[in-house]
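start.txt follows; it contains compact mmCIF, C-alpha atoms.
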```txt
# COMPACT_ATOMS: atom_id res chain seq x y z
CA MET Z 1 31.36 -21.77 10.64
CA MET Z 2 32.07 -20.20 7.24
CA ALA Z 3 28.74 -21.47 5.90
CA LEU Z 4 26.95 -19.87 8.86
CA PHE Z 5 28.82 -16.62 8.32
CA ARG Z 6 27.88 -16.59 4.62
CA LYS Z 7 24.24 -17.25 5.49
CA GLN Z 8 24.17 -14.41 8.03
CA SER Z 9 25.97 -12.11 5.62
CA SER Z 10 23.44 -12.91 2.91
CA SER Z 11 20.52 -12.24 5.28
CA LEU Z 12 21.92 -8.78 6.05
CA ARG Z 13 22.24 -7.65 2.44
CA LEU Z 14 18.56 -6.79 1.99
CA PRO Z 15 18.27 -4.79 5.26
CA ALA Z 16 21.48 -2.91 4.42
CA ALA Z 17 20.21 -2.15 0.92
CA VAL Z 18 16.89 -0.89 2.33
CA PHE Z 19 18.73 1.32 4.84
CA LEU Z 20 20.79 2.93 2.07
CA LEU Z 21 17.87 3.31 -0.35
CA VAL Z 22 15.71 5.04 2.27
CA LEU Z 23 18.52 7.50 2.91
CA PHE Z 24 18.96 7.97 -0.86
CA LEU Z 25 15.26 8.87 -1.14
CA LEU Z 26 15.15 11.21 1.84
CA VAL Z 27 18.45 13.11 1.63
CA PRO Z 28 17.35 15.17 -1.43
CA VAL Z 29 14.11 16.02 0.40
CA GLN Z 30 16.10 17.28 3.38
CA LEU Z 31 18.53 19.27 1.24
CA LYS Z 32 16.41 20.62 -1.60
CA VAL Z 33 12.86 21.24 -0.37
CA GLU Z 34 12.52 24.76 1.00
CA ARG Z 35 9.74 23.99 3.50
CA PRO Z 36 11.04 21.20 5.80
CA MET Z 37 9.23 17.99 4.88
CA LEU Z 38 10.75 15.84 7.60
CA LEU Z 39 8.80 16.43 10.78
CA LEU Z 40 11.67 16.67 13.27
CA GLU Z 41 13.31 19.35 11.14
CA ARG Z 42 10.30 21.57 11.80
CA PHE Z 43 10.89 21.41 15.53
CA VAL Z 44 14.68 21.09 15.82
CA ASP Z 45 17.25 22.46 13.41
CA GLY Z 46 19.02 19.42 11.95
CA GLY Z 47 16.44 17.03 13.40
CA GLY Z 48 15.59 15.80 9.92
CA TRP Z 49 18.93 14.00 9.68
CA PHE Z 50 18.25 12.12 12.91
CA GLN Z 51 14.75 11.25 11.69
CA MET Z 52 16.22 9.86 8.45
CA LEU Z 53 18.52 7.53 10.37
CA LEU Z 54 15.61 6.36 12.54
CA ILE Z 55 13.31 5.65 9.61
CA ALA Z 56 16.09 3.99 7.60
CA GLY Z 57 16.80 1.74 10.59
CA TYR Z 58 13.11 0.95 10.84
CA GLY Z 59 13.06 -0.03 7.15
CA ALA Z 60 16.09 -2.26 7.64
CA LEU Z 61 14.40 -4.02 10.58
CA VAL Z 62 11.21 -4.64 8.58
CA ALA Z 63 13.25 -5.97 5.65
CA HIS Z 64 15.17 -8.31 7.96
CA LYS Z 65 11.95 -9.75 9.38
CA MET Z 66 10.04 -9.97 6.10
CA GLN Z 67 12.77 -11.96 4.39
CA ASN Z 68 11.15 -14.92 6.13
CA PRO Z 69 7.87 -15.67 4.24
CA LYS Z 70 6.33 -16.98 7.47
CA LYS Z 71 6.68 -13.54 9.09
CA VAL Z 72 5.40 -11.46 6.17
CA GLN Z 73 1.74 -11.48 7.13
CA THR Z 74 2.35 -10.47 10.75
CA TRP Z 75 4.95 -7.80 10.06
CA ARG Z 76 3.12 -6.32 7.08
CA LYS Z 77 -0.10 -6.10 9.09
CA TYR Z 78 1.39 -4.25 12.05
CA THR Z 79 3.87 -2.00 10.22
CA TRP Z 80 1.11 -1.01 7.80
CA PHE Z 81 -1.23 -0.26 10.69
CA ALA Z 82 1.52 1.78 12.38
CA PHE Z 83 1.81 3.76 9.14
CA SER Z 84 -1.93 4.50 9.27
CA VAL Z 85 -1.86 5.45 12.97
CA LEU Z 86 1.03 7.86 12.38
CA PHE Z 87 -0.77 9.39 9.39
CA PHE Z 88 -4.07 9.99 11.18
CA SER Z 89 -2.41 11.09 14.43
CA GLN Z 90 -0.71 13.90 12.56
CA LEU Z 91 -4.06 14.77 10.98
CA VAL Z 92 -5.70 15.07 14.40
CA LEU Z 93 -2.87 17.25 15.66
CA GLY Z 94 -3.21 19.40 12.55
CA LEU Z 95 -6.96 19.77 13.15
CA LEU Z 96 -6.22 20.83 16.71
CA GLY Z 97 -4.22 23.76 15.35
CA PHE Z 98 -0.68 22.41 15.27
CA GLU Z 99 0.01 23.33 11.65
CA LYS Z 100 3.57 22.00 11.73
CA PHE Z 101 2.07 18.53 11.47
CA LEU Z 102 0.52 19.39 8.08
CA MET Z 103 2.70 18.77 5.01
CA THR Z 104 2.00 22.09 3.30
CA GLY Z 105 0.36 23.97 6.14
CA LYS Z 106 -3.01 23.43 4.46
CA LEU Z 107 -5.48 20.70 5.31
CA HIS Z 108 -6.43 18.18 2.62
CA LEU Z 109 -9.20 15.60 2.97
CA PRO Z 110 -7.54 12.22 3.76
CA ILE Z 111 -9.85 10.06 1.63
CA PRO Z 112 -8.20 7.78 -0.98
CA MET Z 113 -10.93 8.62 -3.51
CA MET Z 114 -9.52 12.15 -3.64
CA ILE Z 115 -6.35 10.82 -5.29
CA VAL Z 116 -8.54 10.11 -8.33
CA ALA Z 117 -11.27 12.74 -8.03
CA GLY Z 118 -9.21 15.62 -6.61
CA PRO Z 119 -7.04 16.34 -9.67
CA ILE Z 120 -10.09 16.03 -11.95
CA TYR Z 121 -12.11 18.48 -9.85
CA ARG Z 122 -9.24 20.93 -9.24
CA GLY Z 123 -7.70 20.67 -12.69
CA HIS Z 124 -4.16 20.03 -11.40
CA THR Z 125 -2.22 17.30 -9.62
CA SER Z 126 -1.08 17.21 -6.00
CA VAL Z 127 1.83 15.78 -4.01
CA MET Z 128 -0.35 12.77 -3.15
CA THR Z 129 -1.15 12.12 -6.83
CA ILE Z 130 2.54 12.18 -7.78
CA LEU Z 131 3.43 9.93 -4.84
CA PHE Z 132 0.69 7.47 -5.79
CA LEU Z 133 1.70 7.26 -9.46
CA SER Z 134 5.37 6.90 -8.54
CA THR Z 135 4.71 3.92 -6.27
CA VAL Z 136 2.57 2.17 -8.91
CA ILE Z 137 5.38 2.56 -11.43
CA LEU Z 138 8.06 1.36 -8.98
CA SER Z 139 6.33 -1.44 -7.09
CA GLY Z 140 3.13 -2.14 -8.97
CA PRO Z 141 0.04 -2.80 -6.82
CA ALA Z 142 1.97 -2.67 -3.53
CA TRP Z 143 0.29 0.70 -2.84
CA CYS Z 144 -2.78 -1.30 -1.81
CA SER Z 145 -0.91 -3.53 0.64
CA HIS Z 146 1.78 -1.28 2.14
CA LEU Z 147 1.03 2.42 1.63
CA CYS Z 148 -2.70 3.20 1.69
CA TYR Z 149 -3.74 4.62 5.07
CA PHE Z 150 -7.34 3.37 4.63
CA GLY Z 151 -6.23 -0.07 3.49
CA ALA Z 152 -4.45 -0.69 6.78
CA ILE Z 153 -7.76 -0.25 8.61
CA ASP Z 154 -9.48 -2.61 6.16
CA SER Z 155 -6.75 -5.19 6.74
CA LEU Z 156 -7.12 -5.00 10.52
CA SER Z 157 -10.92 -5.14 10.35
CA SER Z 158 -10.86 -8.27 8.19
CA GLY Z 159 -8.69 -10.07 10.73
CA ARG Z 160 -10.56 -13.35 10.65
CA LYS Z 161 -9.99 -16.05 8.07
CA PRO Z 162 -11.80 -15.28 4.78
CA ARG Z 163 -15.24 -16.81 4.38
CA PRO Z 164 -15.63 -19.43 1.62
CA GLY Z 165 -16.65 -18.21 -1.82
CA PRO Z 166 -15.69 -15.15 -3.88
CA ILE Z 167 -16.81 -11.55 -3.42
CA ARG Z 168 -19.88 -11.45 -5.62
CA ASN Z 169 -20.08 -8.99 -8.55
CA LYS Z 170 -16.68 -7.60 -7.55
CA TRP Z 171 -15.72 -6.15 -10.92
CA ALA Z 172 -19.19 -4.75 -11.57
CA LEU Z 173 -19.02 -2.92 -8.25
CA LYS Z 174 -15.45 -1.71 -8.81
CA SER Z 175 -16.17 -0.43 -12.32
CA THR Z 176 -19.39 1.30 -11.25
CA VAL Z 177 -17.79 3.08 -8.31
CA LEU Z 178 -14.81 4.27 -10.39
CA PHE Z 179 -17.15 5.52 -13.13
CA LEU Z 180 -19.31 7.42 -10.61
CA VAL Z 181 -16.27 9.01 -8.96
CA VAL Z 182 -14.78 10.22 -12.25
CA ALA Z 183 -18.15 11.34 -13.65
CA GLY Z 184 -19.03 13.06 -10.38
CA ALA Z 185 -15.73 14.98 -10.29
CA LEU Z 186 -16.17 16.09 -13.91
CA PHE Z 187 -19.76 17.14 -13.23
CA MET Z 188 -18.82 19.17 -10.14
CA ARG Z 189 -16.01 20.87 -12.06
CA TRP Z 190 -18.33 21.64 -14.99
CA MET Z 191 -21.05 22.99 -12.68
CA GLU Z 192 -18.45 24.93 -10.65
CA VAL Z 193 -19.62 23.30 -7.43
CA SER Z 194 -18.08 24.99 -4.41
CA VAL Z 195 -15.14 23.46 -2.59
CA ILE Z 196 -17.24 23.12 0.56
CA THR Z 197 -19.93 21.11 -1.25
CA ALA Z 198 -17.33 18.93 -2.99
CA THR Z 199 -15.68 18.32 0.39
CA TRP Z 200 -18.97 17.14 1.90
CA VAL Z 201 -19.49 14.76 -1.04
CA ALA Z 202 -15.99 13.33 -0.60
CA LEU Z 203 -16.53 13.04 3.15
CA GLY Z 204 -19.73 11.08 2.55
CA PHE Z 205 -17.87 8.76 0.19
CA GLY Z 206 -15.14 8.22 2.77
CA LEU Z 207 -17.59 7.52 5.61
CA THR Z 208 -19.39 5.01 3.38
CA GLY Z 209 -16.09 3.28 2.76
CA LEU Z 210 -15.36 3.26 6.50
CA GLY Z 211 -18.76 1.67 7.07
CA ILE Z 212 -17.92 -1.06 4.55
CA ILE Z 213 -14.63 -1.67 6.36
CA LEU Z 214 -16.22 -1.94 9.81
CA LEU Z 215 -19.28 -3.94 8.78
CA VAL Z 216 -18.79 -5.85 5.53
CA SER Z 217 -15.03 -6.52 5.60
CA ARG Z 218 -15.26 -7.56 9.23
CA LYS Z 219 -18.08 -10.01 8.49
CA GLN Z 220 -16.51 -11.40 5.32
CA GLY Z 221 -12.99 -11.71 6.72
CA ARG Z 222 -11.83 -10.16 3.44
CA MET Z 223 -10.83 -6.66 2.40
CA VAL Z 224 -14.08 -5.81 0.62
CA HIS Z 225 -13.41 -2.07 0.71
CA CYS Z 226 -10.06 -2.44 -1.05
CA SER Z 227 -11.13 -5.19 -3.44
CA ALA Z 228 -14.58 -4.02 -4.50
CA TYR Z 229 -15.18 -0.39 -3.47
CA CYS Z 230 -12.09 1.83 -3.45
CA PRO Z 231 -11.64 3.56 -6.85
CA VAL Z 232 -7.92 4.01 -6.20
CA GLY Z 233 -7.61 0.25 -5.83
CA THR Z 234 -9.42 -0.19 -9.15
CA VAL Z 235 -7.00 2.19 -10.87
CA VAL Z 236 -4.10 0.24 -9.35
CA HIS Z 237 -5.50 -3.08 -10.54
CA LEU Z 238 -6.10 -1.78 -14.07
CA THR Z 239 -2.70 -0.06 -14.42
CA ARG Z 240 -0.56 -2.64 -12.60
CA PHE Z 241 0.89 -3.90 -15.88
CA VAL Z 242 3.03 -0.78 -16.25
CA ASN Z 243 5.22 -2.48 -13.64
CA PRO Z 244 7.17 -5.70 -14.39
CA PHE Z 245 6.59 -7.38 -11.01
CA ARG Z 246 4.35 -10.44 -11.19
CA MET Z 247 3.39 -13.39 -9.04
CA TYR Z 248 2.74 -16.82 -10.47
CA ILE Z 249 1.98 -20.37 -9.37
CA ASP Z 250 4.51 -23.00 -10.39
CA ASP Z 251 2.65 -25.56 -12.47
CA HIS Z 252 5.08 -28.38 -11.66
CA SER Z 253 4.80 -28.21 -7.87
CA CYS Z 254 1.26 -26.91 -7.23
CA THR Z 255 -1.02 -29.62 -5.79
CA ASN Z 256 -4.27 -27.58 -6.07
CA CYS Z 257 -4.77 -27.88 -2.31
CA MET Z 258 -6.34 -24.37 -2.27
CA ALA Z 259 -4.60 -23.43 0.99
CA CYS Z 260 -3.67 -20.07 -0.57
CA THR Z 261 -7.33 -19.42 -1.42
CA ARG Z 262 -8.20 -19.63 2.26
CA VAL Z 263 -5.73 -16.92 3.32
CA CYS Z 264 -6.00 -14.34 0.53
CA LYS Z 265 -7.92 -11.30 1.76
CA TYR Z 266 -7.86 -9.62 -1.65
CA ASP Z 267 -10.01 -12.31 -3.33
CA ALA Z 268 -7.18 -12.86 -5.82
CA LEU Z 269 -6.66 -16.60 -5.43
CA ARG Z 270 -9.98 -18.13 -6.35
CA PRO Z 271 -9.95 -21.75 -7.58
CA SER Z 272 -10.14 -20.41 -11.15
CA ASP Z 273 -7.02 -18.29 -10.50
CA VAL Z 274 -5.17 -21.29 -9.08
CA ALA Z 275 -6.18 -23.32 -12.12
CA ALA Z 276 -4.83 -20.55 -14.37
CA ARG Z 277 -1.60 -20.61 -12.32
CA LYS Z 278 -1.61 -16.90 -11.56
CA PRO Z 279 -3.40 -14.67 -9.05
CA GLY Z 280 -6.30 -12.50 -10.20
CA LEU Z 281 -6.12 -8.79 -10.95
CA THR Z 282 -6.86 -7.80 -7.35
CA CYS Z 283 -3.56 -9.35 -6.18
CA THR Z 284 -1.36 -6.74 -4.50
CA LEU Z 285 1.79 -8.92 -4.32
CA CYS Z 286 1.55 -8.67 -0.53
CA GLY Z 287 3.06 -12.13 -0.05
CA ASP Z 288 0.72 -13.22 2.75
CA CYS Z 289 -0.04 -16.39 0.78
CA LEU Z 290 3.57 -17.61 0.59
CA ALA Z 291 3.61 -19.27 4.01
CA SER Z 292 0.34 -21.10 3.29
CA CYS Z 293 1.83 -22.97 0.30
CA HIS Z 294 3.66 -26.02 1.65
CA ALA Z 295 4.92 -26.85 -1.85
CA GLY Z 296 6.47 -23.39 -2.31
CA SER Z 297 4.58 -22.93 -5.58
CA LEU Z 298 3.78 -19.23 -5.19
CA LYS Z 299 6.67 -17.20 -6.59
CA TYR Z 300 7.61 -13.68 -7.63
CA ARG Z 301 8.76 -12.81 -11.14
CA PHE Z 302 10.64 -9.76 -12.39
CA LEU Z 303 11.80 -9.97 -15.99
CA LYS Z 304 14.50 -12.69 -16.14
CA LEU Z 305 15.53 -12.68 -12.48
CA SER Z 306 15.16 -15.81 -10.38
CA PRO Z 307 12.09 -16.02 -8.10
CA ALA Z 308 14.24 -15.41 -5.01
CA ALA Z 309 15.98 -12.40 -6.55
CA SER Z 310 12.64 -11.05 -7.81
CA ARG Z 311 11.14 -11.25 -4.33
CA ASN Z 312 14.16 -9.57 -2.74
CA LEU Z 313 13.98 -6.75 -5.29
CA PHE Z 314 10.27 -6.33 -4.61
CA LEU Z 315 10.90 -6.18 -0.86
CA LEU Z 316 13.77 -3.72 -1.34
CA ILE Z 317 11.67 -1.28 -3.37
CA THR Z 318 8.41 -1.67 -1.49
CA ILE Z 319 9.77 -1.55 2.06
CA SER Z 320 11.97 1.42 1.17
CA LEU Z 321 8.95 3.26 -0.27
CA HIS Z 322 6.92 2.34 2.81
CA ALA Z 323 9.59 3.69 5.17
CA ALA Z 324 10.29 6.85 3.14
CA THR Z 325 6.59 7.59 2.78
CA MET Z 326 6.12 7.03 6.50
CA ALA Z 327 8.60 9.84 7.07
CA LEU Z 328 6.65 12.14 4.75
CA ALA Z 329 3.05 10.92 5.15
CA ARG Z 330 1.29 13.96 6.43
CA ILE Z 331 -1.85 15.67 5.23
```

Once you've parsed the file, please lay out its structure as structure tokens.
Amino acid sequence: MMALFRKQSSSLRLPAAVFLLVLFLLVPVQLKVERPMLLLERFVDGGGWFQMLLIAGYGALVAHKMQNPKKVQTWRKYTWFAFSVLFFSQLVLGLLGFEKFLMTGKLHLPIPMMIVAGPIYRGHTSVMTILFLSTVILSGPAWCSHLCYFGAIDSLSSGRKPRPGPIRNKWALKSTVLFLVVAGALFMRWMEVSVITATWVALGFGLTGLGIILLVSRKQGRMVHCSAYCPVGTVVHLTRFVNPFRMYIDDHSCTNCMACTRVCKYDALRPSDVAARKPGLTCTLCGDCLASCHAGSLKYRFLKLSPAASRNLFLLITISLHAATMALARI
């Protein structure tokens, strides 16, 4: 009985920690920001406090479920998609004239590329840029597996098992697209291209990405948009080392069965990566691969913490950011 109680108590620590951390992140927003950032506060005086409790409870539930590696893939897929649905639903309502659903009262183009190109073109950062950089610092590449509103669509589209073989010329494509986005933003700023024209260019880029999601990712069974096209993903992959979280393959227990290769949608567990005993640069630490490894060889690392403690810390930070951002994720 005592052993069962200790086990249940241990399983509740992570959800409780997520609940408290989400509140810790959102309380200053409710108290200090002049324009109400929590949506319910804009409709009902004091509603922001109720919304905080709801979203903190949601984060605790997700944390409770995702403690089990076998449930990570399912819960991450649907909670991430719910995040995207909520984000774009508020966009539609904003377009229909309900300005309370817009974060600042002004409409911004919801295309991930703008996180990179927007500040370059405008000459100043935005709330989205600060949010993006903060998540990369706190949870590494988890932006690309828990927080990107486009990535959730790519994940759902690539619902089938990945096709055999790597994504060809992945890094050449990624590097070229990032270069063109940065160079294009600089050129439009230098030539003083109008905001309307720049918006149409960004819209074209976003629609192209959506086409890749619906056609290529769906056919490949892999997230081709996120792994080979999205410039934000490329920035994440190149700057991920500012964060101490890592994933590795235990050399002593790995049997080279390649089961993890067959489930990774980010093309980060090729046979060469397994041989090197660490995922490739496009790994987002999503954890979908954990349940596929019957030897338990795939593990998280954070400085000198144990693999189990490292994974719990990653879940604590990432799920809390996911929940808090869900409360604030409006255009």

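Nearest-residue note for Lys278 in chain Z: choosing from Z:His146, Z:Lys299, Z:His237, Z:Lys65, the minimum distance belongs to Z:Lys299, counting only C-alpha atoms.
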
Can you list, as a PyMOL selection string, every protein, DNA or RNA residue that comes within 9 Å of Gly209 in chain Z when you count all atoms listed in the file, leaving out same-chain residues fewer than 2 positions away?
chain Z and resi 150+204-207+211-214+225+229-230

Expressed in Å to a single decimal, how great is the separation between CA of Thr208 in chain Z and CA of Gly280 in chain Z?
25.7 Å

Selected residue of minimal separation from Ser320 in chain Z among Z:Trp190, Z:Phe43, Z:Tyr58, Z:Trp49, counting all atoms listed in the file
Z:Tyr58

Can you work out which one of Z:Pro69, Z:Gly221, Z:Pro244, Z:Gly140 has the shortest atom-to-atom distance to Asp267 in chain Z, counting all atoms listed in the file?
Z:Gly221

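Excluding Phe87 in chain Z and any residue on its chain fewer than 5 positions from it, the residues at most 12 Å away by all atoms listed in the file are Leu39, Trp80, Phe81, Ala82, Val92, Leu93, Gly94, Phe101, Leu102, Met103, Pro110, Ile111, Leu147, Cys148, Tyr149, Phe150, Ala152, Ile153, Thr325, Met326, Ala327, Leu328, Ala329, Arg330 and Ile331 of chain Z.
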
Write the residues of the selection above to a file with C-alpha atoms, as a JSON list (two decimals), in the frame of the given file.
```json
[["chain", "number", "residue", "atom", "x", "y", "z"],
["Z", 39, "LEU", "CA", 8.80, 16.43, 10.78],
["Z", 80, "TRP", "CA", 1.11, -1.01, 7.80],
["Z", 81, "PHE", "CA", -1.23, -0.26, 10.69],
["Z", 82, "ALA", "CA", 1.52, 1.78, 12.38],
["Z", 92, "VAL", "CA", -5.70, 15.07, 14.40],
["Z", 93, "LEU", "CA", -2.87, 17.25, 15.66],
["Z", 94, "GLY", "CA", -3.21, 19.40, 12.55],
["Z", 101, "PHE", "CA", 2.07, 18.53, 11.47],
["Z", 102, "LEU", "CA", 0.52, 19.39, 8.08],
["Z", 103, "MET", "CA", 2.70, 18.77, 5.01],
["Z", 110, "PRO", "CA", -7.54, 12.22, 3.76],
["Z", 111, "ILE", "CA", -9.85, 10.06, 1.63],
["Z", 147, "LEU", "CA", 1.03, 2.42, 1.63],
["Z", 148, "CYS", "CA", -2.70, 3.20, 1.69],
["Z", 149, "TYR", "CA", -3.74, 4.62, 5.07],
["Z", 150, "PHE", "CA", -7.34, 3.37, 4.63],
["Z", 152, "ALA", "CA", -4.45, -0.69, 6.78],
["Z", 153, "ILE", "CA", -7.76, -0.25, 8.61],
["Z", 325, "THR", "CA", 6.59, 7.59, 2.78],
["Z", 326, "MET", "CA", 6.12, 7.03, 6.50],
["Z", 327, "ALA", "CA", 8.60, 9.84, 7.07],
["Z", 328, "LEU", "CA", 6.65, 12.14, 4.75],
["Z", 329, "ALA", "CA", 3.05, 10.92, 5.15],
["Z", 330, "ARG", "CA", 1.29, 13.96, 6.43],
["Z", 331, "ILE", "CA", -1.85, 15.67, 5.23]]
```

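With CA of Ala56 in chain Z on one side and CA of Val22 in chain Z on the other, the separation reads 5.4 Å.
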
Each side padded by 8 Å, which centre and which edge lengths in Å (one decimal) define the axis-aligned box around the listed atoms of range 203-212 of chain Z? Give them as lines of an AutoDock Vina configuration file.
```
center_x = -17.4
center_y = 6.0
center_z = 3.6
size_x = 20.6
size_y = 30.1
size_z = 22.9
```

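Our summary of the geometry notes that CA of Pro119 in chain Z is positioned 19.9 Å from CA of Lys174 in chain Z.
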
Against range 292-297 of chain Z, which residues of range 198-268 of chain Z fall within 8 Å? For each one I want the closest pair of atoms and the distance in Å (one decimal), counting only C-alpha atoms, rows by chain and increasing residue number, as a tab-separated table.
```
residue	atom	partner	partner_atom	distance
Z:Ile249	CA	Z:Ser297	CA	5.3
Z:Asp250	CA	Z:Ser297	CA	4.8
Z:Asp251	CA	Z:Ser297	CA	7.6
Z:Ser253	CA	Z:Ser297	CA	5.8
Z:Cys254	CA	Z:Ser297	CA	5.4
Z:Thr255	CA	Z:Ala295	CA	7.6
Z:Ala259	CA	Z:Ser292	CA	5.9
Z:Cys260	CA	Z:Ser292	CA	5.7
Z:Val263	CA	Z:Ser292	CA	7.4
```

Determine the nearest neighbour of Met223 in chain Z from the options Z:Met188, Z:Leu53, Z:Leu238, Z:Ala268, counting only C-alpha atoms.
Z:Ala268

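In terms of minimum interatomic distance to Ala117 in chain Z, Z:Ala202 ranks closest within Z:Leu316, Z:Ala202, Z:Val33, Z:Leu281, counting only C-alpha atoms.
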
At a cut-off of 9 Å, using all atoms listed in the file, what residues contact Val181 in chain Z? Leave out same-chain residues fewer than 6 positions from it and give the result as a PyMOL selection string.
chain Z and resi 113+116-117+231

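Of the listed residues Z:Ser158, Z:Asn169, Z:Ser145, Z:Asn256, the one whose atoms come nearest to Trp75 in chain Z is Z:Ser145, with distances taken using all atoms listed in the file.
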
Once you count all atoms listed in the file, which residues end up no further than 12 Å from (2.2, -0.5, -17.3) in the file's frame, shown as an MDAnalysis selection string?
chainID Z and resid 133:134 136:141 235:246

Distance query Asn68 in chain Z at most 10 Å, all atoms listed in the file, self and fewer than 6 positions along chain excluded, as a tab-separated table (two decimals) with C-alpha atoms, in the coordinates of the input:
```tsv
chain	number	residue	atom	x	y	z
Z	11	SER	CA	20.52	-12.24	5.28
Z	290	LEU	CA	3.57	-17.61	0.59
Z	291	ALA	CA	3.61	-19.27	4.01
```

Would you mind listing what lies within 9 Å of Ala16 in chain Z as JSON, numbers by chain, with all atoms listed in the file counted and same-chain residues fewer than 5 positions away left out?
{"Z": [21, 60, 63]}

Store the residues picked out above, limited to C-alpha atoms, as a PDB file, keeping the file's coordinate frame.
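Generated file (part-v3.pdb):
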```pdb
ATOM      1  CA  LEU Z  21      17.870   3.310  -0.350  1.00  0.00           C
ATOM      2  CA  ALA Z  60      16.090  -2.260   7.640  1.00  0.00           C
ATOM      3  CA  ALA Z  63      13.250  -5.970   5.650  1.00  0.00           C
TER       4      ALA Z  63
END
```

Hey, could you patch up range 81-95 of chain Z with N, CA and C atoms and hand it over as an mmCIF file, in the frame of the given file?
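Below is the file that was written, rebuild22.cif:
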```cif
data_model
loop_
_atom_site.group_PDB
_atom_site.id
_atom_site.type_symbol
_atom_site.label_atom_id
_atom_site.label_comp_id
_atom_site.auth_asym_id
_atom_site.auth_seq_id
_atom_site.Cartn_x
_atom_site.Cartn_y
_atom_site.Cartn_z
ATOM 1 N N PHE Z 81 -0.315 -0.918 9.755
ATOM 2 C CA PHE Z 81 -1.230 -0.260 10.690
ATOM 3 C C PHE Z 81 -0.525 0.894 11.410
ATOM 4 N N ALA Z 82 0.758 0.699 11.752
ATOM 5 C CA ALA Z 82 1.520 1.780 12.380
ATOM 6 C C ALA Z 82 1.616 2.983 11.443
ATOM 7 N N PHE Z 83 1.789 2.709 10.152
ATOM 8 C CA PHE Z 83 1.810 3.760 9.140
ATOM 9 C C PHE Z 83 0.506 4.558 9.193
ATOM 10 N N SER Z 84 -0.628 3.848 9.250
ATOM 11 C CA SER Z 84 -1.930 4.500 9.270
ATOM 12 C C SER Z 84 -2.132 5.309 10.552
ATOM 13 N N VAL Z 85 -1.723 4.748 11.690
ATOM 14 C CA VAL Z 85 -1.860 5.450 12.970
ATOM 15 C C VAL Z 85 -1.053 6.739 12.956
ATOM 16 N N LEU Z 86 0.183 6.675 12.463
ATOM 17 C CA LEU Z 86 1.030 7.860 12.380
ATOM 18 C C LEU Z 86 0.389 8.921 11.482
ATOM 19 N N PHE Z 87 -0.139 8.478 10.348
ATOM 20 C CA PHE Z 87 -0.770 9.390 9.390
ATOM 21 C C PHE Z 87 -1.946 10.127 10.026
ATOM 22 N N PHE Z 88 -2.866 9.369 10.638
ATOM 23 C CA PHE Z 88 -4.070 9.990 11.180
ATOM 24 C C PHE Z 88 -3.799 10.738 12.482
ATOM 25 N N SER Z 89 -2.774 10.340 13.221
ATOM 26 C CA SER Z 89 -2.410 11.090 14.430
ATOM 27 C C SER Z 89 -1.953 12.489 14.072
ATOM 28 N N GLN Z 90 -1.174 12.584 13.008
ATOM 29 C CA GLN Z 90 -0.710 13.900 12.560
ATOM 30 C C GLN Z 90 -1.872 14.733 12.026
ATOM 31 N N LEU Z 91 -2.863 14.063 11.423
ATOM 32 C CA LEU Z 91 -4.060 14.770 10.980
ATOM 33 C C LEU Z 91 -4.802 15.369 12.164
ATOM 34 N N VAL Z 92 -4.996 14.579 13.213
ATOM 35 C CA VAL Z 92 -5.700 15.070 14.400
ATOM 36 C C VAL Z 92 -4.975 16.257 15.005
ATOM 37 N N LEU Z 93 -3.654 16.146 15.107
ATOM 38 C CA LEU Z 93 -2.870 17.250 15.660
ATOM 39 C C LEU Z 93 -2.993 18.494 14.780
ATOM 40 N N GLY Z 94 -3.025 18.283 13.456
ATOM 41 C CA GLY Z 94 -3.210 19.400 12.550
ATOM 42 C C GLY Z 94 -4.563 20.063 12.735
ATOM 43 N N LEU Z 95 -5.613 19.244 12.924
ATOM 44 C CA LEU Z 95 -6.960 19.770 13.150
ATOM 45 C C LEU Z 95 -7.050 20.553 14.464
#
```
